[in-house]
>>> print(open('protein_5.cif').read())   # mmCIF, C-alpha atoms and all ligand atoms
data_start
loop_
_atom_site.group_PDB
_atom_site.id
_atom_site.type_symbol
_atom_site.label_atom_id
_atom_site.label_comp_id
_atom_site.auth_asym_id
_atom_site.auth_seq_id
_atom_site.Cartn_x
_atom_site.Cartn_y
_atom_site.Cartn_z
ATOM 1 C CA MET B 140 95.961 116.989 111.652
ATOM 2 C CA ARG B 141 98.198 119.724 110.335
ATOM 3 C CA ILE B 142 99.930 120.222 113.686
ATOM 4 C CA SER B 143 100.684 116.524 114.093
ATOM 5 C CA PHE B 144 102.208 116.539 110.623
ATOM 6 C CA ILE B 145 104.452 119.484 111.548
ATOM 7 C CA ILE B 146 105.521 117.746 114.763
ATOM 8 C CA ALA B 147 106.316 114.561 112.848
ATOM 9 C CA ALA B 148 108.336 116.512 110.280
ATOM 10 C CA LEU B 149 110.173 118.339 113.073
ATOM 11 C CA ALA B 150 110.988 115.092 114.901
ATOM 12 C CA LEU B 151 112.285 113.637 111.656
ATOM 13 C CA SER B 152 114.515 116.636 110.930
ATOM 14 C CA LEU B 153 115.879 116.639 114.495
ATOM 15 C CA SER B 154 116.752 112.961 114.339
ATOM 16 C CA ALA B 155 118.496 113.577 111.012
ATOM 17 C CA PHE B 156 120.890 116.004 112.702
ATOM 18 C CA ALA B 157 121.451 114.163 115.979
ATOM 19 C CA ALA B 158 124.713 112.249 115.945
ATOM 20 C CA LYS B 159 124.203 108.522 116.354
ATOM 21 C CA VAL B 160 127.005 106.876 118.253
ATOM 22 C CA GLU B 161 127.843 103.193 118.498
ATOM 23 C CA VAL B 162 130.422 101.852 120.921
ATOM 24 C CA ASP B 163 132.046 98.422 121.009
ATOM 25 C CA VAL B 164 132.254 97.454 124.670
ATOM 26 C CA VAL B 165 134.390 94.710 126.205
ATOM 27 C CA GLY B 166 133.491 92.924 129.436
ATOM 28 C CA MET B 167 129.684 92.884 129.554
ATOM 29 C CA THR B 168 128.093 89.635 130.694
ATOM 30 C CA CYS B 169 124.577 90.333 131.948
ATOM 31 C CA GLY B 170 121.711 92.736 132.518
ATOM 32 C CA MET B 171 123.474 94.427 135.390
ATOM 33 C CA CYS B 172 126.324 95.365 133.062
ATOM 34 C CA VAL B 173 123.738 96.899 130.731
ATOM 35 C CA GLU B 174 122.227 98.869 133.617
ATOM 36 C CA ALA B 175 125.601 100.124 134.823
ATOM 37 C CA ILE B 176 126.607 101.397 131.383
ATOM 38 C CA THR B 177 123.186 102.918 130.721
ATOM 39 C CA LYS B 178 123.388 104.713 134.080
ATOM 40 C CA GLU B 179 126.833 106.201 133.398
ATOM 41 C CA LEU B 180 125.949 107.306 129.872
ATOM 42 C CA THR B 181 122.752 108.890 131.209
ATOM 43 C CA ALA B 182 124.783 110.683 133.897
ATOM 44 C CA THR B 183 126.743 112.540 131.214
ATOM 45 C CA GLU B 184 123.443 114.283 130.315
ATOM 46 C CA LYS B 185 124.658 114.274 126.702
ATOM 47 C CA ALA B 186 123.276 110.906 125.607
ATOM 48 C CA GLU B 187 119.702 109.794 125.006
ATOM 49 C CA ASN B 188 117.879 106.859 123.424
ATOM 50 C CA ILE B 189 120.549 104.690 125.024
ATOM 51 C CA LEU B 190 120.499 101.061 123.986
ATOM 52 C CA VAL B 191 123.038 98.663 125.432
ATOM 53 C CA SER B 192 123.263 95.056 124.251
ATOM 54 C CA VAL B 193 125.212 92.241 125.886
ATOM 55 C CA GLU B 194 124.600 90.028 122.846
ATOM 56 C CA ASN B 195 126.038 92.559 120.391
ATOM 57 C CA LYS B 196 128.630 93.873 122.877
ATOM 58 C CA LYS B 197 127.554 97.384 121.926
ATOM 59 C CA ALA B 198 126.239 100.566 123.449
ATOM 60 C CA GLN B 199 124.274 102.826 121.131
ATOM 61 C CA PHE B 200 122.880 106.259 121.780
ATOM 62 C CA VAL B 201 122.060 109.597 120.248
ATOM 63 C CA GLU B 202 123.730 112.778 121.412
ATOM 64 C CA VAL B 203 121.372 115.217 123.096
ATOM 65 C CA LYS B 204 120.680 118.043 120.666
ATOM 66 C CA GLY B 205 123.324 120.767 120.925
ATOM 67 C CA LYS B 206 125.630 118.616 123.060
ATOM 68 C CA LYS B 207 128.774 116.797 122.062
ATOM 69 C CA LEU B 208 129.992 113.705 123.874
ATOM 70 C CA SER B 209 133.684 113.287 123.050
ATOM 71 C CA ASP B 210 135.389 109.931 122.605
ATOM 72 C CA ALA B 211 137.289 110.580 125.858
ATOM 73 C CA GLU B 212 134.024 111.255 127.712
ATOM 74 C CA ILE B 213 132.464 108.084 126.296
ATOM 75 C CA LYS B 214 135.485 106.003 127.292
ATOM 76 C CA ALA B 215 135.485 107.558 130.778
ATOM 77 C CA ALA B 216 131.767 106.834 131.280
ATOM 78 C CA ILE B 217 132.137 103.203 130.179
ATOM 79 C CA LYS B 218 135.242 102.790 132.340
ATOM 80 C CA LYS B 219 133.411 104.247 135.331
ATOM 81 C CA ALA B 220 130.781 101.548 134.856
ATOM 82 C CA GLY B 221 133.590 98.968 134.936
ATOM 83 C CA TYR B 222 133.990 98.175 131.246
ATOM 84 C CA GLU B 223 136.125 99.183 128.299
ATOM 85 C CA ALA B 224 135.073 101.068 125.175
ATOM 86 C CA VAL B 225 137.321 99.697 122.445
ATOM 87 C CA LYS B 226 135.875 101.367 119.360
ATOM 88 C CA ILE B 227 133.554 104.292 118.733
ATOM 89 C CA TYR B 228 131.608 104.839 115.527
ATOM 90 C CA ARG B 229 129.710 108.001 114.643
ATOM 91 C CA ARG B 230 127.074 108.015 111.952
HETATM 92 CU CU CU B 301 126.772 91.923 134.251
#
>>> encode(input="protein_5.cif", output="structure tokens")
Amino acid sequence: MRISFIIAALALSLSAFAAKVEVDVVGMTCGMCVEAITKELTATEKAENILVSVENKKAQFVEVKGKKLSDAEIKAAIKKAGYEAVKIYRR
């Protein structure tokens, strides 16, 4: 009981420090686009909890703890997948 509480508190504090990134992406039309972008963001090894949405035209992810994915790296990864990152938000 006590250990699970500590783990939950730890997970909460880690998520509080992890940078959440949201990217507006142009050019996605289907599930394969989602897969391609997810694959390239994963390949950077700096992004996790990746969520790509055709409907919202967005890619969202959390930076892996201790790693920093620059705007240039994000744009390069999206471009490699065949799409364009037009705006990047960090929260
Ligand atoms: Cu597609």
>>> atom_distance(input="protein_5.cif", atom1="CA of Glu179 in chain B", atom2="CA of Lys218 in chain B")
9.1 Å
>>> resolve_selection(input="protein_5.cif", expression="the PyMOL selection byres (((not hetatm)) within 12 of (chain B and resi 301))", output="ChimeraX atom specification")
/B:165-176,191-194,196,220-222
>>> atom_distance(input="protein_5.cif", atom1="CA of Lys219 in chain B", atom2="CA of Gly205 in chain B")
24.1 Å
>>> resolve_selection(input="protein_5.cif", expression="the PyMOL selection byres (((chain B and resi 164) around 6) and not hetatm)", output="list of chain:residue names")
B:Asp163, B:Val165, B:Lys196, B:Lys197, B:Glu223, B:Ala224, B:Val225
>>> closest_residue(input="protein_5.cif", among="B:Ile189, B:Val201, B:Arg229, B:Lys178", to="Ile217 in chain B", atoms="only C-alpha atoms")
B:Lys178
>>> residues_near_point(input="protein_5.cif", point="(122.5, 106.2, 120.8)", cutoff="10 Å", atoms="only C-alpha atoms", output="count of residues only")
20
>>> closest_residue(input="protein_5.cif", among="B:Lys206, B:Asn195, B:Arg230, B:Ala216", to="Thr181 in chain B", atoms="only C-alpha atoms")
B:Ala216
>>> build_atoms(input="protein_5.cif", residues="range 157-193 of chain B", atoms="N, CA and C atoms", output="mmCIF file, keeping the file's coordinate frame")
data_model
loop_
_atom_site.group_PDB
_atom_site.id
_atom_site.type_symbol
_atom_site.label_atom_id
_atom_site.label_comp_id
_atom_site.auth_asym_id
_atom_site.auth_seq_id
_atom_site.Cartn_x
_atom_site.Cartn_y
_atom_site.Cartn_z
ATOM 1 N N ALA B 157 120.855 114.691 114.751
ATOM 2 C CA ALA B 157 121.451 114.163 115.979
ATOM 3 C C ALA B 157 122.481 113.090 115.623
ATOM 4 N N ALA B 158 123.658 113.203 116.236
ATOM 5 C CA ALA B 158 124.713 112.249 115.945
ATOM 6 C C ALA B 158 124.421 110.914 116.620
ATOM 7 N N LYS B 159 124.397 109.864 115.811
ATOM 8 C CA LYS B 159 124.203 108.522 116.354
ATOM 9 C C LYS B 159 125.573 107.937 116.646
ATOM 10 N N VAL B 160 125.714 107.410 117.837
ATOM 11 C CA VAL B 160 127.005 106.876 118.253
ATOM 12 C C VAL B 160 126.858 105.407 118.625
ATOM 13 N N GLU B 161 127.838 104.625 118.194
ATOM 14 C CA GLU B 161 127.843 103.193 118.498
ATOM 15 C C GLU B 161 129.202 102.877 119.117
ATOM 16 N N VAL B 162 129.181 102.145 120.205
ATOM 17 C CA VAL B 162 130.422 101.852 120.921
ATOM 18 C C VAL B 162 130.582 100.351 121.106
ATOM 19 N N ASP B 163 131.730 99.822 120.723
ATOM 20 C CA ASP B 163 132.046 98.422 121.009
ATOM 21 C C ASP B 163 132.557 98.358 122.442
ATOM 22 N N VAL B 164 131.904 97.525 123.248
ATOM 23 C CA VAL B 164 132.254 97.454 124.670
ATOM 24 C C VAL B 164 132.747 96.052 125.015
ATOM 25 N N VAL B 165 133.837 95.990 125.767
ATOM 26 C CA VAL B 165 134.390 94.710 126.205
ATOM 27 C C VAL B 165 134.075 94.503 127.685
ATOM 28 N N GLY B 166 133.649 93.299 128.030
ATOM 29 C CA GLY B 166 133.491 92.924 129.436
ATOM 30 C C GLY B 166 132.069 92.736 129.930
ATOM 31 N N MET B 167 131.065 93.038 129.098
ATOM 32 C CA MET B 167 129.684 92.884 129.554
ATOM 33 C C MET B 167 129.278 91.418 129.577
ATOM 34 N N THR B 168 128.553 91.022 130.618
ATOM 35 C CA THR B 168 128.093 89.635 130.694
ATOM 36 C C THR B 168 126.607 89.483 130.995
ATOM 37 N N CYS B 169 125.974 90.514 131.533
ATOM 38 C CA CYS B 169 124.577 90.333 131.948
ATOM 39 C C CYS B 169 123.810 91.650 131.994
ATOM 40 N N GLY B 170 122.579 91.567 132.445
ATOM 41 C CA GLY B 170 121.711 92.736 132.518
ATOM 42 C C GLY B 170 122.214 93.811 133.450
ATOM 43 N N MET B 171 122.949 93.418 134.467
ATOM 44 C CA MET B 171 123.474 94.427 135.390
ATOM 45 C C MET B 171 124.560 95.269 134.724
ATOM 46 N N CYS B 172 125.313 94.637 133.841
ATOM 47 C CA CYS B 172 126.324 95.365 133.062
ATOM 48 C C CYS B 172 125.621 96.415 132.207
ATOM 49 N N VAL B 173 124.525 96.003 131.585
ATOM 50 C CA VAL B 173 123.738 96.899 130.731
ATOM 51 C C VAL B 173 123.255 98.090 131.551
ATOM 52 N N GLU B 174 122.735 97.797 132.745
ATOM 53 C CA GLU B 174 122.227 98.869 133.617
ATOM 54 C C GLU B 174 123.323 99.829 134.022
ATOM 55 N N ALA B 175 124.485 99.291 134.365
ATOM 56 C CA ALA B 175 125.601 100.124 134.823
ATOM 57 C C ALA B 175 126.058 101.075 133.718
ATOM 58 N N ILE B 176 126.161 100.564 132.508
ATOM 59 C CA ILE B 176 126.607 101.397 131.383
ATOM 60 C C ILE B 176 125.542 102.432 131.025
ATOM 61 N N THR B 177 124.285 101.994 131.011
ATOM 62 C CA THR B 177 123.186 102.918 130.721
ATOM 63 C C THR B 177 123.174 104.061 131.734
ATOM 64 N N LYS B 178 123.390 103.720 133.003
ATOM 65 C CA LYS B 178 123.388 104.713 134.080
ATOM 66 C C LYS B 178 124.501 105.748 133.885
ATOM 67 N N GLU B 179 125.703 105.277 133.560
ATOM 68 C CA GLU B 179 126.833 106.201 133.398
ATOM 69 C C GLU B 179 126.692 107.072 132.147
ATOM 70 N N LEU B 180 126.161 106.500 131.083
ATOM 71 C CA LEU B 180 125.949 107.306 129.872
ATOM 72 C C LEU B 180 124.861 108.350 130.129
ATOM 73 N N THR B 181 123.827 107.959 130.856
ATOM 74 C CA THR B 181 122.752 108.890 131.209
ATOM 75 C C THR B 181 123.302 110.028 132.059
ATOM 76 N N ALA B 182 124.214 109.698 132.972
ATOM 77 C CA ALA B 182 124.783 110.683 133.897
ATOM 78 C C ALA B 182 125.570 111.783 133.177
ATOM 79 N N THR B 183 126.022 111.507 131.969
ATOM 80 C CA THR B 183 126.743 112.540 131.214
ATOM 81 C C THR B 183 125.796 113.667 130.789
ATOM 82 N N GLU B 184 124.492 113.345 130.759
ATOM 83 C CA GLU B 184 123.443 114.283 130.315
ATOM 84 C C GLU B 184 123.651 114.737 128.866
ATOM 85 N N LYS B 185 124.409 113.956 128.116
ATOM 86 C CA LYS B 185 124.658 114.274 126.702
ATOM 87 C C LYS B 185 124.215 113.140 125.789
ATOM 88 N N ALA B 186 123.691 112.062 126.394
ATOM 89 C CA ALA B 186 123.276 110.906 125.607
ATOM 90 C C ALA B 186 121.821 110.571 125.896
ATOM 91 N N GLU B 187 121.085 110.244 124.820
ATOM 92 C CA GLU B 187 119.702 109.794 125.006
ATOM 93 C C GLU B 187 119.419 108.654 124.042
ATOM 94 N N ASN B 188 118.234 108.060 124.201
ATOM 95 C CA ASN B 188 117.879 106.859 123.424
ATOM 96 C C ASN B 188 118.986 105.813 123.557
ATOM 97 N N ILE B 189 119.429 105.611 124.777
ATOM 98 C CA ILE B 189 120.549 104.690 125.024
ATOM 99 C C ILE B 189 120.075 103.245 124.936
ATOM 100 N N LEU B 190 120.833 102.468 124.165
ATOM 101 C CA LEU B 190 120.499 101.061 123.986
ATOM 102 C C LEU B 190 121.785 100.260 124.140
ATOM 103 N N VAL B 191 121.840 99.454 125.179
ATOM 104 C CA VAL B 191 123.038 98.663 125.432
ATOM 105 C C VAL B 191 122.688 97.191 125.252
ATOM 106 N N SER B 192 123.533 96.471 124.533
ATOM 107 C CA SER B 192 123.263 95.056 124.251
ATOM 108 C C SER B 192 124.444 94.169 124.637
ATOM 109 N N VAL B 193 124.174 93.217 125.513
ATOM 110 C CA VAL B 193 125.212 92.241 125.886
ATOM 111 C C VAL B 193 125.520 91.358 124.678
#
